[in-house]
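Asks: See start_32.txt below, with compact mmCIF, C-alpha atoms and all ligand atoms.
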```txt
# COMPACT_ATOMS: atom_id res chain seq x y z
CA MET A 300 5.75 -12.64 -12.77
CA LYS A 301 7.19 -15.71 -11.12
CA ILE A 302 8.46 -15.08 -7.60
CA THR A 303 11.77 -16.85 -7.13
CA SER A 304 12.87 -15.17 -3.90
CA ALA A 305 11.52 -12.80 -1.27
CA GLU A 306 13.66 -11.74 1.67
CA PHE A 307 13.23 -9.31 4.51
CA VAL A 308 16.08 -6.80 4.35
CA MET A 309 15.63 -4.19 7.07
CA SER A 310 13.29 -2.09 9.19
CA ASN A 311 13.89 1.50 10.12
CA SER A 312 12.23 4.82 10.77
CA ASP A 313 14.69 6.94 8.86
CA VAL A 314 14.44 7.20 5.10
CA ALA A 315 18.14 8.08 4.92
CA LYS A 316 18.98 4.61 6.26
CA CYS A 317 16.93 2.67 3.70
CA PRO A 318 18.85 0.47 1.21
CA LYS A 319 21.35 2.52 -0.76
CA ASN A 320 21.28 0.69 -4.08
CA LYS A 321 19.12 1.89 -6.94
CA LEU A 322 16.71 -1.01 -7.30
CA PRO A 323 13.13 0.07 -8.04
CA GLU A 324 10.68 -0.06 -5.18
CA TYR A 325 6.94 -0.08 -4.59
CA ALA A 326 5.36 0.89 -1.28
CA PHE A 327 2.09 -0.13 0.35
CA ILE A 328 0.34 2.58 2.32
CA GLY A 329 -3.14 2.96 3.78
CA ARG A 330 -5.12 2.95 7.00
CA SER A 331 -4.04 0.69 9.82
CA ASN A 332 -5.55 -2.77 9.45
CA VAL A 333 -6.45 -2.33 5.76
CA GLY A 334 -4.29 -5.35 4.91
CA LYS A 335 -0.93 -4.00 3.68
CA SER A 336 1.21 -6.65 5.36
CA SER A 337 -1.23 -9.45 4.50
CA LEU A 338 -1.15 -8.45 0.86
CA ILE A 339 2.65 -8.65 0.79
CA ASN A 340 2.42 -12.19 2.18
CA MET A 341 -0.26 -13.11 -0.35
CA LEU A 342 1.77 -11.76 -3.29
CA MET A 343 4.86 -13.61 -2.11
CA GLN A 344 2.89 -16.72 -1.13
CA ARG A 345 4.55 -16.67 2.26
CA LYS A 346 2.60 -16.95 5.50
CA SER A 347 4.52 -14.53 7.64
CA LEU A 348 7.14 -12.70 5.65
CA ALA A 349 5.49 -9.44 6.77
CA LYS A 350 4.01 -9.35 10.28
CA THR A 351 0.24 -9.03 10.41
CA SER A 352 -2.28 -8.63 13.21
CA GLY A 353 -6.00 -8.33 13.81
CA ARG A 354 -5.20 -5.27 15.89
CA PRO A 355 -4.37 -2.07 14.02
CA GLY A 356 -0.94 -0.52 14.46
CA LYS A 357 1.12 -3.68 13.91
CA THR A 358 3.60 -2.31 11.36
CA GLN A 359 5.46 0.63 12.88
CA LEU A 360 8.53 1.02 10.68
CA ILE A 361 9.58 1.17 7.04
CA ASN A 362 10.17 -2.47 6.05
CA HIS A 363 12.09 -3.41 2.91
CA PHE A 364 11.59 -6.78 1.23
CA LEU A 365 13.86 -7.71 -1.65
CA ILE A 366 11.98 -9.58 -4.37
CA ASN A 367 13.65 -11.73 -7.03
CA LYS A 368 16.89 -9.96 -6.08
CA ASN A 369 15.93 -7.03 -8.29
CA TRP A 370 13.13 -4.96 -6.79
CA TYR A 371 11.74 -4.01 -3.37
CA LEU A 372 8.33 -4.15 -1.81
CA VAL A 373 8.00 -1.74 1.10
CA ASP A 374 5.57 -2.26 3.97
CA LEU A 375 4.72 0.93 5.84
CA PRO A 376 2.87 1.70 9.06
CA GLY A 377 -0.78 2.56 8.64
CA TYR A 378 -2.16 6.05 9.03
CA GLY A 379 -5.32 7.02 10.82
CA TYR A 380 -5.09 4.73 13.78
CA ALA A 381 -6.91 6.73 16.45
CA ARG A 382 -5.69 4.78 19.45
CA VAL A 383 -1.99 5.64 19.20
CA SER A 384 -1.08 8.77 21.11
CA LYS A 385 -1.19 12.06 19.29
CA SER A 386 2.56 12.54 19.32
CA SER A 387 3.30 9.06 18.02
CA LYS A 388 0.63 9.53 15.33
CA LYS A 389 2.48 12.65 14.23
CA THR A 390 5.75 10.71 14.07
CA PHE A 391 4.16 8.14 11.78
CA GLN A 392 2.86 10.80 9.52
CA LYS A 393 6.12 12.65 9.37
CA PHE A 394 8.22 9.65 8.47
CA ILE A 395 5.63 8.36 6.05
CA THR A 396 5.50 11.67 4.19
CA ASN A 397 9.29 11.92 4.44
CA TYR A 398 9.62 8.49 2.89
CA PHE A 399 7.42 9.42 -0.07
CA GLU A 400 9.02 12.81 -0.57
CA LYS A 401 12.63 11.72 -0.28
CA ARG A 402 12.88 8.19 -1.52
CA GLN A 403 14.20 8.47 -5.05
CA GLN A 404 14.04 4.74 -5.71
CA LEU A 405 10.28 4.79 -5.22
CA VAL A 406 8.58 4.01 -8.52
CA LEU A 407 5.00 4.00 -7.32
CA GLY A 408 2.92 3.94 -4.15
CA PHE A 409 -0.07 1.67 -3.76
CA VAL A 410 -2.79 3.21 -1.63
CA LEU A 411 -4.77 0.39 -0.03
CA ILE A 412 -8.46 0.90 0.68
CA ASP A 413 -10.86 -1.53 2.36
CA CYS A 414 -13.47 -2.24 -0.31
CA ARG A 415 -16.23 -2.57 2.31
CA HIS A 416 -16.19 1.04 3.43
CA GLU A 417 -17.50 4.18 1.82
CA PRO A 418 -14.83 6.75 0.88
CA GLN A 419 -13.06 7.98 4.04
CA PRO A 420 -11.70 11.55 4.29
CA ILE A 421 -8.27 10.38 5.47
CA ASP A 422 -7.72 8.25 2.34
CA LEU A 423 -9.04 10.95 0.04
CA GLU A 424 -6.76 13.49 1.74
CA PHE A 425 -3.75 11.20 1.50
CA MET A 426 -4.31 10.71 -2.23
CA GLU A 427 -4.76 14.48 -2.66
CA TRP A 428 -1.42 14.95 -0.93
CA MET A 429 0.18 12.33 -3.21
CA GLY A 430 -1.21 14.15 -6.23
CA GLN A 431 -0.01 17.56 -5.04
CA SER A 432 3.41 16.12 -4.27
CA GLN A 433 3.50 14.50 -7.72
CA ILE A 434 4.04 11.03 -6.33
CA PRO A 435 2.60 8.42 -8.69
CA PHE A 436 0.18 5.99 -7.10
CA SER A 437 -2.38 3.33 -7.89
CA ILE A 438 -5.21 2.13 -5.66
CA ILE A 439 -5.70 -1.37 -4.28
CA PHE A 440 -9.11 -2.27 -2.89
CA THR A 441 -8.52 -4.97 -0.27
CA LYS A 442 -10.58 -7.68 1.44
CA ALA A 443 -12.69 -8.37 -1.66
CA ASP A 444 -13.58 -11.79 -0.22
CA LYS A 445 -15.70 -10.00 2.40
CA LEU A 446 -18.23 -8.68 -0.12
CA LYS A 447 -20.64 -10.31 -2.54
CA PRO A 448 -19.88 -9.43 -6.18
CA ASN A 449 -22.83 -7.01 -6.46
CA ALA A 450 -21.90 -5.12 -3.33
CA LEU A 451 -18.29 -4.93 -4.50
CA THR A 452 -19.32 -3.52 -7.88
CA ARG A 453 -21.55 -0.98 -6.18
CA ASN A 454 -18.83 0.14 -3.77
CA LEU A 455 -16.32 0.55 -6.59
CA GLU A 456 -18.83 2.71 -8.44
CA VAL A 457 -19.42 4.85 -5.37
CA TYR A 458 -15.66 5.24 -4.89
CA THR A 459 -15.12 6.16 -8.52
CA GLN A 460 -17.85 8.80 -8.37
CA LYS A 461 -16.33 10.29 -5.22
CA MET A 462 -12.86 10.41 -6.79
CA LEU A 463 -14.23 12.11 -9.88
CA GLU A 464 -15.33 15.05 -7.72
CA THR A 465 -11.65 15.99 -7.40
CA TRP A 466 -9.72 13.95 -9.97
CA GLU A 467 -9.99 14.17 -13.72
CA GLU A 468 -10.04 10.42 -13.94
CA MET A 469 -10.17 7.47 -11.61
CA PRO A 470 -6.61 6.33 -10.89
CA LEU A 471 -5.74 2.82 -11.98
CA TYR A 472 -6.98 0.37 -9.37
CA PHE A 473 -6.76 -3.29 -8.44
CA VAL A 474 -9.10 -5.46 -6.41
CA THR A 475 -7.46 -8.02 -4.13
CA SER A 476 -8.07 -10.57 -1.43
CA ALA A 477 -5.28 -11.82 0.79
CA SER A 478 -7.58 -14.71 1.71
CA ASN A 479 -8.18 -16.16 -1.72
CA GLY A 480 -5.42 -14.64 -3.84
CA ASP A 481 -7.68 -12.51 -6.04
CA GLY A 482 -5.77 -9.79 -7.87
CA ARG A 483 -2.36 -11.41 -7.41
CA ASP A 484 -1.63 -12.03 -11.10
CA GLU A 485 -2.87 -8.58 -12.10
CA LEU A 486 -0.79 -6.77 -9.50
CA LEU A 487 2.42 -8.73 -10.10
CA GLY A 488 1.90 -8.41 -13.85
CA TYR A 489 1.59 -4.64 -13.49
CA ILE A 490 4.78 -4.36 -11.42
CA ASN A 491 6.59 -6.64 -13.85
CA GLN A 492 5.52 -4.48 -16.76
CA ILE A 493 6.79 -1.30 -15.10
CA ASN A 494 10.06 -2.97 -14.09
CA SER A 495 10.73 -4.07 -17.65
CA ASP A 496 9.88 -0.69 -19.28
P1 LIG B 501 -1.01 -2.17 10.17
O1 LIG B 501 0.33 -2.81 10.05
O2 LIG B 501 -1.52 -2.16 11.57
O3 LIG B 501 -1.07 -0.82 9.55
O4 LIG B 501 -2.10 -3.09 9.39
P2 LIG B 501 -2.01 -3.73 7.93
O5 LIG B 501 -2.61 -2.80 6.95
O6 LIG B 501 -0.65 -4.24 7.65
O7 LIG B 501 -3.04 -4.97 8.07
P3 LIG B 501 -2.71 -6.52 8.26
O8 LIG B 501 -2.15 -7.08 7.01
O9 LIG B 501 -1.96 -6.72 9.53
O10 LIG B 501 -4.19 -7.12 8.38
C1 LIG B 501 -5.12 -6.65 9.33
C2 LIG B 501 -6.20 -7.70 9.53
O11 LIG B 501 -7.00 -7.84 8.35
C3 LIG B 501 -5.68 -9.10 9.83
O12 LIG B 501 -6.53 -9.70 10.77
C4 LIG B 501 -5.77 -9.81 8.49
O13 LIG B 501 -5.93 -11.21 8.61
C5 LIG B 501 -7.01 -9.18 7.89
N1 LIG B 501 -6.97 -9.17 6.41
C6 LIG B 501 -6.03 -8.57 5.65
N2 LIG B 501 -6.30 -8.73 4.34
C7 LIG B 501 -7.44 -9.45 4.27
C8 LIG B 501 -8.23 -9.96 3.18
O14 LIG B 501 -7.96 -9.75 2.00
N3 LIG B 501 -9.35 -10.67 3.50
C9 LIG B 501 -9.72 -10.88 4.79
N4 LIG B 501 -10.84 -11.58 5.00
N5 LIG B 501 -8.99 -10.43 5.84
C10 LIG B 501 -7.87 -9.74 5.58
MG MG B 502 1.10 -3.99 8.63
```
Once you've parsed the file, please lay out its structure as structure tokens.
Replies:
Amino acid sequence: MKITSAEFVMSNSDVAKCPKNKLPEYAFIGRSNVGKSSLINMLMQRKSLAKTSGRPGKTQLINHFLINKNWYLVDLPGYGYARVSKSSKKTFQKFITNYFEKRQQLVLGFVLIDCRHEPQPIDLEFMEWMGQSQIPFSIIFTKADKLKPNALTRNLEVYTQKMLETWEEMPLYFVTSASNGDGRDELLGYINQINSD
């Protein structure tokens, strides 16, 4: 898919205030610092369309980006950031789950996972919750540039085995790097295909 325009539309914490039109949207979710905002910039080939930071907890609201005037990418706050206070952590979780449960325009969530780490309970639990709530999702393994090919292959195998303990099959997944653009064509191609179905 050729990107002809990408514009920031709005930030808010209330799903009821998100854009009212019926354009399809895709949301990025995952642990703080996994690379959600960076991946949006990589896909759109824009340096700072979405705000990124080396410190976790940068994105704190639901952010809508209108792409090619006909679909939205949504950047969400991360979950599992231990250093925010307990009450504010709860708020994140509530409005994140609210967003996924209530947002009818949502076509699919992408759960981002850092390819360097072994399976983390919080990600596995979040995907279980998505499954139970019947919210379609795919996985994106991020930061692929940080691993040698063999280590990447091994980690993907370990992740697949772990998923197969609870899932009948491994969900569709992509492998990306915001640093070198790996996975960009595959991911945009996938979204394009769904949008044109
Ligand atoms: P929150 O908004 O806090 O939830 O974080 P986020 O998931 O949006 O992460 P963000 O995109 O802000 O990136 C976090 C850090 O990881 C930044 O320092 C990025 O430069 C770095 N980073 C993100 N993606 C990649 C990648 O693919 N490769 C490498 N090497 N670094 C990355
Ligand atoms: Mg972010």
Asks: Residues within 12 Å of range 312-314 of chain A, please, as a ChimeraX atom specification. Count all atoms listed in the file; anything in the same chain fewer than 5 positions from it doesn't count.
Replies: /A:319,358-363,373-376,390-405
Asks: Listing only residues of range 323-357 of chain A within 10 Å of range 433-454 of chain A, what is the closest atom pair and its distance in Å (to one decimal) for each, using all atoms listed in the file, sorted by chain and residue number ascending, as a Markdown table?
Replies:
```
| residue | atom | partner | partner_atom | distance |
| --- | --- | --- | --- | --- |
| A:Tyr325 | CA | A:Phe436 | CA | 9.4 |
| A:Ala326 | CA | A:Phe436 | CA | 9.3 |
| A:Phe327 | CA | A:Ile439 | CA | 9.1 |
| A:Ile328 | CA | A:Ile438 | CA | 9.7 |
| A:Gly329 | CA | A:Ile439 | CA | 9.5 |
| A:Val333 | CA | A:Thr441 | CA | 6.9 |
| A:Gly334 | CA | A:Thr441 | CA | 6.7 |
| A:Lys335 | CA | A:Thr441 | CA | 8.6 |
| A:Ser337 | CA | A:Thr441 | CA | 9.8 |
| A:Leu338 | CA | A:Thr441 | CA | 8.2 |
```
Asks: Report the distance between atom C3 of ligand LIG 501 (chain B) and CA of Lys357 in chain A in Å, rounded to one decimal place.
Replies: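 Calculated distance between atom C3 of ligand LIG 501 (chain B) and CA of Lys357 in chain A is 9.6 Å.
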Asks: Closest to Leu348 in chain A among A:Gly377, A:Phe425, A:Ser304, A:Lys321, using only C-alpha atoms?
Replies: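 Of A:Gly377, A:Phe425, A:Ser304, A:Lys321, the one nearest Leu348 in chain A is A:Ser304, counting only C-alpha atoms.
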Asks: For ligand LIG 501 (chain B), I'd like the enclosing box, axis-aligned and padded by 4 Å on every side, reported as AutoDock Vina command-line options with centre and edge lengths in Å to one decimal.
Replies:
```
--center_x -5.3 --center_y -6.2 --center_z 6.8 --size_x 19.2 --size_y 18.8 --size_z 17.6
```
Asks: Provide the atom MG of ligand MG 502 (chain B) to CA of Cys414 in chain A distance in Å, to one decimal place.
Replies: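 Interatomic distance here is 17.2 Å.
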Asks: From the list A:Val457, A:Met462, A:Leu486, A:Met309, which residue is nearest Met343 in chain A when using all atoms listed in the file?
Replies: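 Comparing A:Val457, A:Met462, A:Leu486, A:Met309 against Met343 in chain A, the winner is A:Leu486.
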Asks: Using all atoms listed in the file for the distances, tell me which of A:Pro470, A:Ser310, A:Arg330, A:Leu342 is nearest to Glu485 in chain A.
Replies: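 Checking each candidate against Glu485 in chain A, we get A:Leu342 as the closest.
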Asks: Would you pick out the contacts of Ser331 in chain A at 6 Å or less, using all atoms listed in the file, so that residues sharing its chain but fewer than 4 positions from it are not included, and give the list as a compact mmCIF listing (two decimals) with C-alpha atoms, in the coordinates of the input?
Replies:
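selection_20.txt was written with the following content:
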```txt
# COMPACT_ATOMS: atom_id res chain seq x y z
CA PRO A 355 -4.37 -2.07 14.02
CA GLY A 356 -0.94 -0.52 14.46
CA GLY A 377 -0.78 2.56 8.64
CA TYR A 378 -2.16 6.05 9.03
CA TYR A 380 -5.09 4.73 13.78
```
Asks: Rounded to one decimal, what separation in Å do you get between atom O6 of ligand LIG 501 (chain B) and CA of Ser352 in chain A?
Replies: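 It comes out at 7.3 Å.
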